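See below for the structure under consideration.
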Amino acid sequence: MTRSPGAIQARQRGQRQEASAAQTLCTHCGLEVPKGLVSADRTEQFCCAGCESVWSVLQGAGLDGYYRVREAVDGESRPPARAGTDFDQFADPAYQRAFVKALPGGVEETEFLLEGVHCAACVWLLERLPRVAPGVIESRVGIRSRVATVRYRPSQISTPEVARQLDRLGYAPHPARGRSARAARARTDRAYLIRVAVAGACAGNVMLVAIALHAGAFSGIEAIWETVFRWVSMGLGLISLLGPGRVFFRGALAALRTRTAHLDLPIAIALGAGGTAGIANTISGHGEIYFDSLTVLVFLLLVGRWVQHRQQRAAADSIELMLSLTPSSAARVEPDGTTRRVPIDAVVVGDLVEVLAGDAFPADGVVESGDSSIDEALLTGESAPRHVAAGDGVAAGSGNLAAPLRVRVVAVGEQTRIGRIMSLVSEAAARGAPIVRVTDRVAAWFVPVVLVLAAFTFAAWIRVGFGTAIDHTTALLIVACPCALGLAVPLAMGVATGRAARDGMLVKDASVFQVLAKPGTMVLDKTGTITEGDAQLLAWHGDRSLLPALGALEQGSSHPFAVALAPHADPAIVVSGQVHVPGCGVRGIVDGVDVTAGTATFLQSTGSVVSSEWTALWDAAAAAGKTPVLIAADGAVRAMAELGDAVRPGVLETVENLRAIGWNTTVLSGDQQGVVDAVCAQIGLAGSGTGGVTPEEKANFVDQLRHDGHRVVMVGDGVNDAAAMALAQVGIAVHGGAEASLEAADVYLVSPGLEPVLGLVMRARSTMRTVRLCLGISVGYNLVAAALAMSGVMSALLAAIIMPASSLVVVAIALRAGRGRRSG
């Protein structure tokens, strides 16, 4: 039965049990409708114009089925993420060159990164874009990547109009960078799947043939059919070995060329020896042909690698969903003084750009006009805003907080400070020594030992007969193949990576578990990692009745301190004559009272008298790493607020637990030393923190630790942490981190705080215990099986049966990997 939007609204109202009976919920998104927007003469109610606009578009296009699909999926609803801006940037030649692809038949294709895509209902709606946008041929959306690929006829609809239609549906579009990288990943995924599919088909058919051959060995089989089955098995086996299985031979050749140990080498030797013996026995018409075991092993090995690849790809894809630190467009000031929105690629040195309050700077530059405060926390680690005026420099990625600025561009792209830091990240990743994998260390001694044993076996049995010596040597090479090891270790790592992802720990490289399993030195960033990353009201001294007045005075400002105080405002208070002085404070008339708030110097400049008592309180708060704000009413100081970045809950316990299992923890921050010392004292690391550290100095600190032989883990969230993360053995980006830190990190934690870091460490310890168990069983099996093969007890037929069976046993153990505590 079809449900109307009104019925869905009733269902949403029922789900919100905490809401009072008097609440009215939005027909589109389900949020509460402000009383001033409730219309008594209509059934549908909307919390904002955006929801009403999207609802009208869906109704007009006959797409109200979106609400039914959304309810069937999970019932979750969210307000539309509309851009609220013009879309001329999508018509700019720079955008057209970089993001629009011409296809045959007068068709063009482009990709948009969309905000607000969160469920299958969103995908259902967006893929029906042709119904609301004539000229659009096809719209495909990836729910994980949030990238919409749209094909359209430019003769009927322009690129800006396509973007505008997406925005009307409630999904703000942005240029989707990295198209070539996504295409390359898709090709890699297809190649993996083709190899697994071909190997699986070969293994399945060869096993059917093997059943017939083994049954015939006991009940009898005509010679002609035995010969046919042996040749069919050889043909399918060679397809598997030379097709999907050639990846192991390529890996072995690469290991030989570079003279490095790699597990592909002993696997290739065993596969090659078994294949050669199978071909010889097929041609001669007698002896074991091995192709059933070989094809199954190729299939299982490739499945293990695919599992690991997919889990790591899922983590990387999730990380790429984060919004870019630098904006994808800029408001360029034209010669006639007007502004025009253009793609970031169209901005060049010498351009004048306008940056409004709340926007990020698109490039490095010098302020030409305006007066404001800027937030550089993600770039420098400094939590307090910096006041800028004409002549001051600003860096790309910093946020403008207070007032519009016009900035003359002095560096773009790779030449900006962010670009240079990312270059440090690339250089660090290039020269950072890769972690030696457990399996490769085993391969370093495994290959020569097996070859020596094979030579000894052949020499010992040659006196009995050449054929006997070949059979026993082949049996040795097959049973000694480290296939169980080659399958179990990547599978265990892949399973652990998948389980970690489900618990909010997105691991890019499974070797992270190897590093974290043993204690070392953990370097912690402060702002956003140990602390909340946002200013909060920590303490209040004096007349508390002034707090609602101060909150009302601060409303409308995007300054972090104003944002922290605004929630305390009393809606009934009337404010007039409000004046914000960047870097100093704010002043206005609140219910007829002249209220001034800010620094002591600012209050004195406005005629207020600051007594020694307030000065002492001010100095004590500043010494404790907090930001004091004095509040005066009609010229008399009557209160003081202490603002600061509060330590996250549970950090003290997490640090204590990390130190209890052997980790040495230290804090590096770009914030002032006094602030860092105060935070370290709260988390049990008094005297272990260093403040005023630049991104370059962080990288040098980590590099020196590694040079001194320490196992280093870097935990942070900002661009200022990116280079240090790349240099550390493991970089961990915490929830809310900047794109640059996510790019450099090996792990992204979905949950905030340090507790997920402890959870990841415990999971790594559990994973490596499972891996060591797999190693022990695999090596023990190889030793016993090799001894039996060398002594002649294990025949070639028995070796062919036992080898895949041992692999399955170890795989069952590997599936236990990654069980650990959840994050958050």
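In the structure tokens, the first chain shown is A, the next is B, and so on; residue numbers restart at 1 for each chain, and ligands run from 1 in the order shown.
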Can you list, as an mmCIF file with C-alpha atoms, in the first residue's frame, every protein, DNA or RNA residue that comes within 12 Å of Leu242 (chain A) when you count only C-alpha atoms, leaving out same-chain residues fewer than 3 positions away?
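Saved result, around-v8.cif, follows:
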data_model
loop_
_atom_site.group_PDB
_atom_site.id
_atom_site.type_symbol
_atom_site.label_atom_id
_atom_site.label_comp_id
_atom_site.auth_asym_id
_atom_site.auth_seq_id
_atom_site.Cartn_x
_atom_site.Cartn_y
_atom_site.Cartn_z
ATOM 1 C CA ARG A 195 41.669 -13.360 -11.792
ATOM 2 C CA VAL A 198 38.947 -17.517 -13.746
ATOM 3 C CA ALA A 199 40.859 -19.285 -10.972
ATOM 4 C CA CYS A 202 39.310 -23.674 -13.275
ATOM 5 C CA MET A 234 46.203 -30.453 -17.403
ATOM 6 C CA GLY A 235 44.631 -27.991 -19.819
ATOM 7 C CA LEU A 236 42.520 -26.321 -17.143
ATOM 8 C CA GLY A 237 45.431 -26.416 -14.697
ATOM 9 C CA LEU A 238 47.729 -24.648 -17.157
ATOM 10 C CA ILE A 239 45.063 -21.980 -17.745
ATOM 11 C CA GLY A 245 48.417 -17.740 -11.238
ATOM 12 C CA ARG A 246 51.057 -15.831 -13.141
ATOM 13 C CA VAL A 247 50.938 -13.083 -10.502
ATOM 14 C CA PHE A 248 52.935 -15.408 -8.224
ATOM 15 C CA PHE A 249 55.526 -16.086 -10.914
ATOM 16 C CA ARG A 250 55.845 -12.353 -11.649
ATOM 17 C CA ALA A 268 56.092 -20.085 -7.381
ATOM 18 C CA LEU A 271 53.490 -24.320 -8.219
ATOM 19 C CA GLY A 272 56.136 -24.631 -10.908
ATOM 20 C CA GLY A 275 52.904 -28.127 -12.693
ATOM 21 C CA LEU A 294 47.389 -26.590 -7.669
ATOM 22 C CA THR A 295 44.228 -24.939 -9.063
ATOM 23 C CA VAL A 298 45.794 -20.638 -6.765
#
If you take only C-alpha atoms and a cut-off of 8 Å, which residues of region 116-198 of chain A touch region 103-108 of chain A, and what are their nearest atom pairs and distances in Å to one decimal, in chain and number order, as JSON lines?
{"residue": "A:Arg151", "atom": "CA", "partner": "A:Glu108", "partner_atom": "CA", "distance": 5.6}
{"residue": "A:Tyr152", "atom": "CA", "partner": "A:Glu108", "partner_atom": "CA", "distance": 5.6}
{"residue": "A:Arg153", "atom": "CA", "partner": "A:Val107", "partner_atom": "CA", "distance": 4.8}
{"residue": "A:Pro154", "atom": "CA", "partner": "A:Glu108", "partner_atom": "CA", "distance": 6.8}
Residue selection dump (all heavy atoms) as a short mmCIF file (atom, residue, chain, number, x, y, z; two decimals), in the first residue's frame:
data_model
loop_
_atom_site.label_atom_id
_atom_site.label_comp_id
_atom_site.auth_asym_id
_atom_site.auth_seq_id
_atom_site.Cartn_x
_atom_site.Cartn_y
_atom_site.Cartn_z
N ARG A 151 25.76 12.02 -17.39
CA ARG A 151 25.90 12.20 -18.84
C ARG A 151 24.73 13.03 -19.34
O ARG A 151 23.57 12.77 -18.97
CB ARG A 151 25.93 10.84 -19.55
CG ARG A 151 27.19 10.03 -19.25
CD ARG A 151 27.25 8.76 -20.07
NE ARG A 151 28.49 8.03 -19.83
CZ ARG A 151 28.86 6.92 -20.46
NH1 ARG A 151 28.04 6.41 -21.38
NH2 ARG A 151 30.00 6.33 -20.18
N TYR A 152 25.03 14.00 -20.20
CA TYR A 152 23.99 14.94 -20.65
C TYR A 152 24.35 15.48 -22.02
O TYR A 152 25.49 15.36 -22.49
CB TYR A 152 23.86 16.09 -19.65
CG TYR A 152 25.16 16.84 -19.41
CD1 TYR A 152 25.45 18.01 -20.12
CD2 TYR A 152 26.11 16.37 -18.51
CE1 TYR A 152 26.64 18.69 -19.92
CE2 TYR A 152 27.30 17.03 -18.31
CZ TYR A 152 27.56 18.19 -19.01
OH TYR A 152 28.75 18.86 -18.83
N ARG A 153 23.34 16.07 -22.67
CA ARG A 153 23.55 16.70 -23.98
C ARG A 153 23.71 18.21 -23.75
O ARG A 153 22.75 18.88 -23.36
CB ARG A 153 22.37 16.42 -24.90
CG ARG A 153 22.18 14.93 -25.19
CD ARG A 153 21.14 14.69 -26.28
NE ARG A 153 20.89 13.28 -26.44
CZ ARG A 153 21.67 12.45 -27.15
NH1 ARG A 153 22.75 12.94 -27.77
NH2 ARG A 153 21.36 11.18 -27.26
N PRO A 154 24.90 18.75 -24.01
CA PRO A 154 25.13 20.18 -23.77
C PRO A 154 24.26 21.07 -24.65
O PRO A 154 24.06 22.24 -24.33
CB PRO A 154 26.62 20.35 -24.08
CG PRO A 154 26.99 19.19 -24.93
CD PRO A 154 26.11 18.06 -24.50
#
Exercise for the section: Mind checking which residues fall within 7 Å of Tyr290 (chain A), counting only C-alpha atoms, ignoring those fewer than 3 positions away in the same chain, and posting them as a ChimeraX atom specification? Expected result: /A:274,278,293-294,800
Write the selection just made, keeping all heavy atoms, as an mmCIF file, in the first residue's frame?
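To be explicit, this is the file written out as selection-v9.cif:
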data_model
loop_
_atom_site.group_PDB
_atom_site.id
_atom_site.type_symbol
_atom_site.label_atom_id
_atom_site.label_comp_id
_atom_site.auth_asym_id
_atom_site.auth_seq_id
_atom_site.Cartn_x
_atom_site.Cartn_y
_atom_site.Cartn_z
ATOM 1 N N GLY A 274 55.107 -28.566 -9.125
ATOM 2 C CA GLY A 274 53.914 -29.391 -9.261
ATOM 3 C C GLY A 274 53.377 -29.388 -10.676
ATOM 4 O O GLY A 274 52.969 -30.427 -11.209
ATOM 5 N N GLY A 278 53.202 -32.538 -13.100
ATOM 6 C CA GLY A 278 51.888 -32.902 -13.620
ATOM 7 C C GLY A 278 51.887 -33.029 -15.131
ATOM 8 O O GLY A 278 51.270 -33.943 -15.693
ATOM 9 N N SER A 293 45.027 -30.004 -6.821
ATOM 10 C CA SER A 293 45.566 -29.255 -5.682
ATOM 11 C C SER A 293 46.084 -27.890 -6.106
ATOM 12 O O SER A 293 45.862 -26.880 -5.424
ATOM 13 C CB SER A 293 46.695 -30.047 -5.024
ATOM 14 O OG SER A 293 46.208 -31.269 -4.506
ATOM 15 N N LEU A 294 46.771 -27.843 -7.230
ATOM 16 C CA LEU A 294 47.389 -26.590 -7.669
ATOM 17 C C LEU A 294 46.326 -25.539 -7.989
ATOM 18 O O LEU A 294 46.465 -24.371 -7.616
ATOM 19 C CB LEU A 294 48.278 -26.840 -8.888
ATOM 20 C CG LEU A 294 49.481 -27.770 -8.664
ATOM 21 C CD1 LEU A 294 50.234 -27.985 -9.969
ATOM 22 C CD2 LEU A 294 50.410 -27.215 -7.599
ATOM 23 N N ALA A 800 49.462 -34.260 -2.431
ATOM 24 C CA ALA A 800 48.513 -33.427 -3.165
ATOM 25 C C ALA A 800 47.211 -33.250 -2.391
ATOM 26 O O ALA A 800 46.535 -32.229 -2.522
ATOM 27 C CB ALA A 800 48.230 -34.042 -4.530
#
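Distances here use only C-alpha atoms; by that measure, the residue among A:Ala455, A:Val367, A:Val809, A:Val412 closest to Asn400 (chain A) is A:Val367.
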Shell of 8 Å around Arg638 (chain A), only C-alpha atoms, local chain residues under 3 positions omitted, as a CSV table (one decimal) with C-alpha atoms, in the first residue's frame:
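The resulting file, selection.csv, is shown below:
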chain,number,residue,atom,x,y,z
A,542,GLY,CA,31.4,37.3,39.3
A,543,ASP,CA,27.9,38.4,38.4
A,631,ILE,CA,32.7,41.8,31.1
A,632,ALA,CA,31.8,45.3,32.0
A,633,ALA,CA,28.3,46.8,32.5
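Among A:Thr227, A:Thr599, A:Ser240, A:Gln156, the residue with the shortest atom-to-atom distance to Ala197 (chain A), counting only C-alpha atoms, is A:Ser240.
Among the candidates A:Gly753, A:Pro266, A:Gly498, A:Gly776, the residue lying nearest to Leu451 (chain A) is A:Pro266 (atoms considered: only C-alpha atoms).
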Problem - Contacts of Arg765 (chain A) within 8 Å, only C-alpha atoms, excl. fewer than 5 positions in-chain, as a PyMOL selection string - result: chain A and resi 513+516-518
Selection near Ala210 (chain A), 9 Å with only C-alpha atoms, sequence-local residues under 4 positions removed, as a PDB file with N, CA and C atoms, in the first residue's frame:
ATOM      1  N   ASN A 205      36.156 -26.939 -11.978  1.00  0.00           N
ATOM      2  CA  ASN A 205      36.089 -27.956 -13.029  1.00  0.00           C
ATOM      3  C   ASN A 205      37.162 -29.019 -12.872  1.00  0.00           C
ATOM      4  N   VAL A 206      38.362 -28.609 -12.461  1.00  0.00           N
ATOM      5  CA  VAL A 206      39.424 -29.593 -12.256  1.00  0.00           C
ATOM      6  C   VAL A 206      39.066 -30.534 -11.111  1.00  0.00           C
ATOM      7  N   HIS A 214      39.812 -40.139  -9.245  1.00  0.00           N
ATOM      8  CA  HIS A 214      40.024 -40.839  -7.982  1.00  0.00           C
ATOM      9  C   HIS A 214      39.006 -41.966  -7.798  1.00  0.00           C
ATOM     10  N   ALA A 215      37.748 -41.743  -8.239  1.00  0.00           N
ATOM     11  CA  ALA A 215      36.757 -42.818  -8.163  1.00  0.00           C
ATOM     12  C   ALA A 215      37.155 -43.979  -9.077  1.00  0.00           C
ATOM     13  N   PHE A 229      40.520 -37.433 -19.201  1.00  0.00           N
ATOM     14  CA  PHE A 229      40.383 -36.638 -17.977  1.00  0.00           C
ATOM     15  C   PHE A 229      41.718 -36.044 -17.536  1.00  0.00           C
ATOM     16  N   ARG A 230      42.797 -36.786 -17.697  1.00  0.00           N
ATOM     17  CA  ARG A 230      44.113 -36.271 -17.308  1.00  0.00           C
ATOM     18  C   ARG A 230      44.508 -35.081 -18.181  1.00  0.00           C
ATOM     19  N   SER A 233      42.327 -32.089 -17.283  1.00  0.00           N
ATOM     20  CA  SER A 233      42.817 -31.516 -16.034  1.00  0.00           C
ATOM     21  C   SER A 233      44.079 -30.696 -16.273  1.00  0.00           C
ATOM     22  N   PHE A 291      47.076 -31.328 -10.553  1.00  0.00           N
ATOM     23  CA  PHE A 291      46.426 -30.084 -10.988  1.00  0.00           C
ATOM     24  C   PHE A 291      45.207 -29.734 -10.132  1.00  0.00           C
ATOM     25  N   ASP A 292      44.564 -30.739  -9.507  1.00  0.00           N
ATOM     26  CA  ASP A 292      43.443 -30.410  -8.633  1.00  0.00           C
ATOM     27  C   ASP A 292      43.922 -29.584  -7.443  1.00  0.00           C
TER      28      ASP A 292
END
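Put simply, CA of Ile478 (chain A) is 26.7 Å away from CA of Trp225 (chain A).
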